[in-house]
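Report on the structure given below.
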Amino acid sequence: RPCMACPSCKKILRAQSPDLCLIGIDTLPFAEEGDNPAAAAPLTKTKSIGVDAVRLLKSDVYIRPNDLDYKLYIIGHAERMTPQAQNSLLKILEEPPAGAIFFLLCENRAALLPTVLSRVQRLTMESFSDDVLFRLLTEHDRDAAALVRTDEDALRLYIRLADGSYGRASRYVHAQKKELKSDTAYDAHEGAAEILDIVFSDVLTNDSPVLSQRSGASAVRPTTTALMAYITDRMDARKEGGDARERLRALIDALCTAVRDLSVCASGTEGHLLFYPTAAQPQILSERCSAKTLSDTFRALSELRADLSSNPNVGMLIMTLSGILLGLRT
């Protein structure tokens, strides 16, 4: 195990070792606060890892190690490599020079070419449970420990969105608000919460433009057209969160999780909630719709998500989504 104290360990943790090359990653687990300078990985902000990044690697790989016994090349988010970049990496993976070790970190190995997968040893890591991840973060991350005292619900949300990944949870903890907004999973959760608040709202307010007064009715309800416009505008405003189809997929996933929590509360069972931090809000909302409505809504959302791969018209999908959500109130 690394001692975390010698000069070599400290250089690695700071991403300053001459024998460590990081591509697509800017932080290392358990590094001390301030030990990951922003300049350590200039390629992190790119949407994909292209041929230029692989050329940078190939130009360095035949230089012998300086401090360590090996040169280490860590490609984070390897699924973001373009097909051209992956093909460019094949020769190096098949016949790596002596003293070079490559790590391809990937959340979805199906995105890698079969020719790449055939040249590497695959190691599948198990996801941490929420409780274990909470303990690891609070024990090893100062900011996470401080967040427990100031906003534990936020930390619990980050852990749920991390889906068992320590690195992803740590990124959420240290991210600025702007960075969180550009994260697809976080933005989808926030969007789903806002949309459900609108669907279940009976009060017309200045910051709820999708609500409109029905003639002859005392309650104020959102209309399908207005809700569709709201969802469309919100998705278009997140230019850094990926393309519209992927953001819509993430939003539907978040809504499915929220409706699942409503169903748990409606059934009266003590199930583990996945979307809401506590049972208080979903309990109130679940009392305003029947168990059958929740079941039908969940099924409709699941079918709509399946349609994403075959229906190219995102606007039509959003209109269908708006109708499904308003069905919760009928």
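The chains in the structure tokens are called A, B, ... from first to last as shown; in each chain the residues are counted from 1, and the ligands are counted from 1 in the order shown.
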Residues within 10 Å of Pro282 (chain A), please, as JSON, numbers by chain. Count only C-alpha atoms; anything in the same chain fewer than 6 positions from it doesn't count.
{"A": [258, 259, 260, 261, 262, 263, 264, 265, 266, 273, 275, 276]}
Could the residues in this selection be written to a file with N, CA and C atoms, as an mmCIF file, in the first residue's frame?
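What ended up in again.cif:
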data_model
loop_
_atom_site.group_PDB
_atom_site.id
_atom_site.type_symbol
_atom_site.label_atom_id
_atom_site.label_comp_id
_atom_site.auth_asym_id
_atom_site.auth_seq_id
_atom_site.Cartn_x
_atom_site.Cartn_y
_atom_site.Cartn_z
ATOM 1 N N ALA A 258 -38.424 9.227 -8.985
ATOM 2 C CA ALA A 258 -39.309 10.003 -8.113
ATOM 3 C C ALA A 258 -40.686 9.352 -8.007
ATOM 4 N N VAL A 259 -41.249 8.917 -9.139
ATOM 5 C CA VAL A 259 -42.562 8.262 -9.128
ATOM 6 C C VAL A 259 -42.487 6.950 -8.355
ATOM 7 N N ARG A 260 -41.366 6.275 -8.454
ATOM 8 C CA ARG A 260 -41.180 5.046 -7.676
ATOM 9 C C ARG A 260 -41.252 5.350 -6.185
ATOM 10 N N ASP A 261 -40.630 6.465 -5.737
ATOM 11 C CA ASP A 261 -40.696 6.851 -4.324
ATOM 12 C C ASP A 261 -42.129 7.184 -3.916
ATOM 13 N N LEU A 262 -42.857 7.850 -4.803
ATOM 14 C CA LEU A 262 -44.259 8.164 -4.509
ATOM 15 C C LEU A 262 -45.065 6.890 -4.334
ATOM 16 N N SER A 263 -44.775 5.888 -5.162
ATOM 17 C CA SER A 263 -45.496 4.615 -5.060
ATOM 18 C C SER A 263 -45.185 3.916 -3.747
ATOM 19 N N VAL A 264 -43.924 3.989 -3.319
ATOM 20 C CA VAL A 264 -43.543 3.377 -2.041
ATOM 21 C C VAL A 264 -44.320 4.015 -0.901
ATOM 22 N N CYS A 265 -44.410 5.345 -0.908
ATOM 23 C CA CYS A 265 -45.133 6.052 0.153
ATOM 24 C C CYS A 265 -46.635 5.789 0.062
ATOM 25 N N ALA A 266 -47.161 5.715 -1.159
ATOM 26 C CA ALA A 266 -48.592 5.475 -1.337
ATOM 27 C C ALA A 266 -48.998 4.092 -0.843
ATOM 28 N N LEU A 273 -35.956 5.090 0.046
ATOM 29 C CA LEU A 273 -36.214 6.113 -0.966
ATOM 30 C C LEU A 273 -34.952 6.375 -1.780
ATOM 31 N N PHE A 275 -35.032 8.955 -4.486
ATOM 32 C CA PHE A 275 -35.057 10.301 -5.052
ATOM 33 C C PHE A 275 -35.140 11.362 -3.954
ATOM 34 N N TYR A 276 -36.073 11.179 -3.039
ATOM 35 C CA TYR A 276 -36.297 12.162 -1.973
ATOM 36 C C TYR A 276 -35.444 11.825 -0.752
#
Determine the nearest neighbour of Arg329 (chain A) from the options A:Lys177, A:Arg288, A:Arg299, A:Lys91, counting only C-alpha atoms.
A:Arg288
Residues flagged strand (DSSP E) by DSSP in region 117-226 of chain A, as a JSON list (two decimals) with N, CA and C atoms, in the first residue's frame:
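Ended up saving to selection_32.json:
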[["chain", "number", "residue", "atom", "x", "y", "z"],
["A", 211, "LEU", "N", -48.12, 27.73, -14.90],
["A", 211, "LEU", "CA", -49.44, 27.56, -14.31],
["A", 211, "LEU", "C", -50.43, 28.55, -14.92],
["A", 212, "SER", "N", -51.62, 28.09, -15.21],
["A", 212, "SER", "CA", -52.63, 28.97, -15.79],
["A", 212, "SER", "C", -54.00, 28.67, -15.17],
["A", 213, "GLN", "N", -54.79, 29.69, -15.00],
["A", 213, "GLN", "CA", -56.11, 29.55, -14.37],
["A", 213, "GLN", "C", -57.11, 28.96, -15.36],
["A", 220, "VAL", "N", -55.52, 26.22, -9.69],
["A", 220, "VAL", "CA", -54.63, 26.62, -10.77],
["A", 220, "VAL", "C", -53.81, 25.41, -11.18],
["A", 221, "ARG", "N", -53.88, 25.05, -12.46],
["A", 221, "ARG", "CA", -53.20, 23.85, -12.93],
["A", 221, "ARG", "C", -52.30, 24.19, -14.12],
["A", 222, "PRO", "N", -51.21, 23.45, -14.31],
["A", 222, "PRO", "CA", -50.38, 23.66, -15.50],
["A", 222, "PRO", "C", -51.07, 23.06, -16.72]]
Between A:Ala244, A:Ile23, A:Leu117, A:Val173, which has the minimum distance to Ala144 (chain A) (counting only C-alpha atoms)?
A:Val173
Going by DSSP on the backbone, which residues of region 280-327 of chain A come out as alpha helix (DSSP H)? List them as a ChimeraX atom specification.
/A:280-286,291-307,314-326
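Considering the residues A:Val314, A:Ile25, A:Asn87, A:Tyr186 and counting only C-alpha atoms, Arg55 (chain A) has its shortest atom-to-atom contact with A:Asn87.
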Between A:Cys3, A:Ile324, A:Ile195, A:Leu56, which is the closest to Glu303 (chain A) once you count only C-alpha atoms?
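Checking each of A:Cys3, A:Ile324, A:Ile195, A:Leu56 against Glu303 (chain A), counting only C-alpha atoms, the winner is A:Ile324.
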List as a PDB file with C-alpha atoms, in the first residue's frame the protein and nucleic acid residues near region 166-172 of chain A, meaning an atom at most 12 Å away when only C-alpha atoms are counted, but skip any in the same chain fewer than 2 places from it.
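Just written: around-v1.pdb:
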ATOM      1  CA  ILE A  25      -9.338  13.111 -15.014  1.00  0.00           C
ATOM      2  CA  ASP A  26      -8.354  15.918 -12.648  1.00  0.00           C
ATOM      3  CA  THR A  27      -8.586  14.500  -9.121  1.00  0.00           C
ATOM      4  CA  LEU A  28      -7.214  11.450  -7.330  1.00  0.00           C
ATOM      5  CA  PRO A  29      -9.030   9.787  -4.384  1.00  0.00           C
ATOM      6  CA  PHE A  30      -7.786  10.600  -0.885  1.00  0.00           C
ATOM      7  CA  ALA A  31      -5.594  13.504  -2.063  1.00  0.00           C
ATOM      8  CA  GLU A  33      -7.058  19.500   0.068  1.00  0.00           C
ATOM      9  CA  ASN A  36      -4.990  18.627  -7.287  1.00  0.00           C
ATOM     10  CA  GLY A  76     -10.356   8.620 -17.038  1.00  0.00           C
ATOM     11  CA  HIS A  77     -13.778   8.367 -18.686  1.00  0.00           C
ATOM     12  CA  LEU A 105     -11.209   3.888 -16.308  1.00  0.00           C
ATOM     13  CA  GLU A 107     -18.216   3.531 -16.499  1.00  0.00           C
ATOM     14  CA  MET A 125     -15.241  -2.842  -9.548  1.00  0.00           C
ATOM     15  CA  GLU A 126     -18.126  -3.275  -7.137  1.00  0.00           C
ATOM     16  CA  SER A 127     -20.154  -0.201  -6.271  1.00  0.00           C
ATOM     17  CA  PHE A 128     -20.183   1.047  -2.693  1.00  0.00           C
ATOM     18  CA  SER A 129     -23.464   1.054  -0.830  1.00  0.00           C
ATOM     19  CA  ASP A 130     -24.787   4.490   0.156  1.00  0.00           C
ATOM     20  CA  ASP A 131     -23.914   3.889   3.817  1.00  0.00           C
ATOM     21  CA  VAL A 132     -20.349   2.780   3.048  1.00  0.00           C
ATOM     22  CA  LEU A 133     -19.865   5.678   0.646  1.00  0.00           C
ATOM     23  CA  PHE A 134     -21.130   8.114   3.309  1.00  0.00           C
ATOM     24  CA  ARG A 135     -18.634   6.711   5.809  1.00  0.00           C
ATOM     25  CA  LEU A 136     -15.709   6.855   3.362  1.00  0.00           C
ATOM     26  CA  LEU A 137     -16.457  10.428   2.378  1.00  0.00           C
ATOM     27  CA  THR A 138     -16.868  11.719   5.914  1.00  0.00           C
ATOM     28  CA  HIS A 140     -11.403  10.866   4.180  1.00  0.00           C
ATOM     29  CA  ASP A 141     -12.806  14.097   2.744  1.00  0.00           C
ATOM     30  CA  ARG A 142     -12.731  17.244   4.866  1.00  0.00           C
ATOM     31  CA  ASP A 143     -15.290  19.049   2.741  1.00  0.00           C
ATOM     32  CA  ALA A 144     -17.700  16.117   2.990  1.00  0.00           C
ATOM     33  CA  ALA A 145     -17.297  16.016   6.760  1.00  0.00           C
ATOM     34  CA  LEU A 147     -21.045  19.314   4.676  1.00  0.00           C
ATOM     35  CA  ALA A 154     -27.027  17.755   0.016  1.00  0.00           C
ATOM     36  CA  LEU A 155     -24.345  15.177   0.799  1.00  0.00           C
ATOM     37  CA  ARG A 156     -26.950  12.391   0.803  1.00  0.00           C
ATOM     38  CA  LEU A 157     -28.120  13.625  -2.617  1.00  0.00           C
ATOM     39  CA  TYR A 158     -24.572  13.567  -3.993  1.00  0.00           C
ATOM     40  CA  ILE A 159     -24.152  10.006  -2.748  1.00  0.00           C
ATOM     41  CA  ARG A 160     -27.376   8.870  -4.413  1.00  0.00           C
ATOM     42  CA  LEU A 161     -26.393  10.505  -7.692  1.00  0.00           C
ATOM     43  CA  ALA A 162     -22.900   8.973  -7.505  1.00  0.00           C
ATOM     44  CA  ASP A 163     -24.436   5.494  -7.819  1.00  0.00           C
ATOM     45  CA  GLY A 164     -21.792   3.835  -5.664  1.00  0.00           C
ATOM     46  CA  HIS A 174     -16.007  19.752  -4.429  1.00  0.00           C
ATOM     47  CA  ALA A 175     -17.879  21.081  -7.477  1.00  0.00           C
ATOM     48  CA  GLN A 176     -18.924  24.685  -7.798  1.00  0.00           C
ATOM     49  CA  LYS A 177     -22.604  25.456  -8.397  1.00  0.00           C
ATOM     50  CA  LYS A 178     -21.942  26.121 -12.096  1.00  0.00           C
ATOM     51  CA  GLU A 179     -20.204  22.751 -12.437  1.00  0.00           C
ATOM     52  CA  LEU A 180     -23.123  21.000 -10.767  1.00  0.00           C
ATOM     53  CA  LYS A 181     -25.528  22.640 -13.213  1.00  0.00           C
ATOM     54  CA  SER A 182     -23.535  21.209 -16.119  1.00  0.00           C
ATOM     55  CA  ASP A 183     -23.620  17.670 -14.684  1.00  0.00           C
ATOM     56  CA  THR A 184     -26.299  15.649 -16.452  1.00  0.00           C
ATOM     57  CA  ALA A 185     -27.340  13.531 -13.442  1.00  0.00           C
ATOM     58  CA  TYR A 186     -27.482  16.463 -11.020  1.00  0.00           C
ATOM     59  CA  ASP A 187     -29.309  18.678 -13.512  1.00  0.00           C
TER      60      ASP A 187
END
Arg249 (chain A) environment, 12 Å, only C-alpha atoms, sequence neighbours closer than 3 positions dropped, as a ChimeraX atom specification:
/A:184-185,187-189,192,235,241-246,252-256,301-309,314,317-318,321
Can you work out the spacing between CA of Ile74 (chain A) and CA of Leu22 (chain A) in Å, to one decimal?
5.1 Å
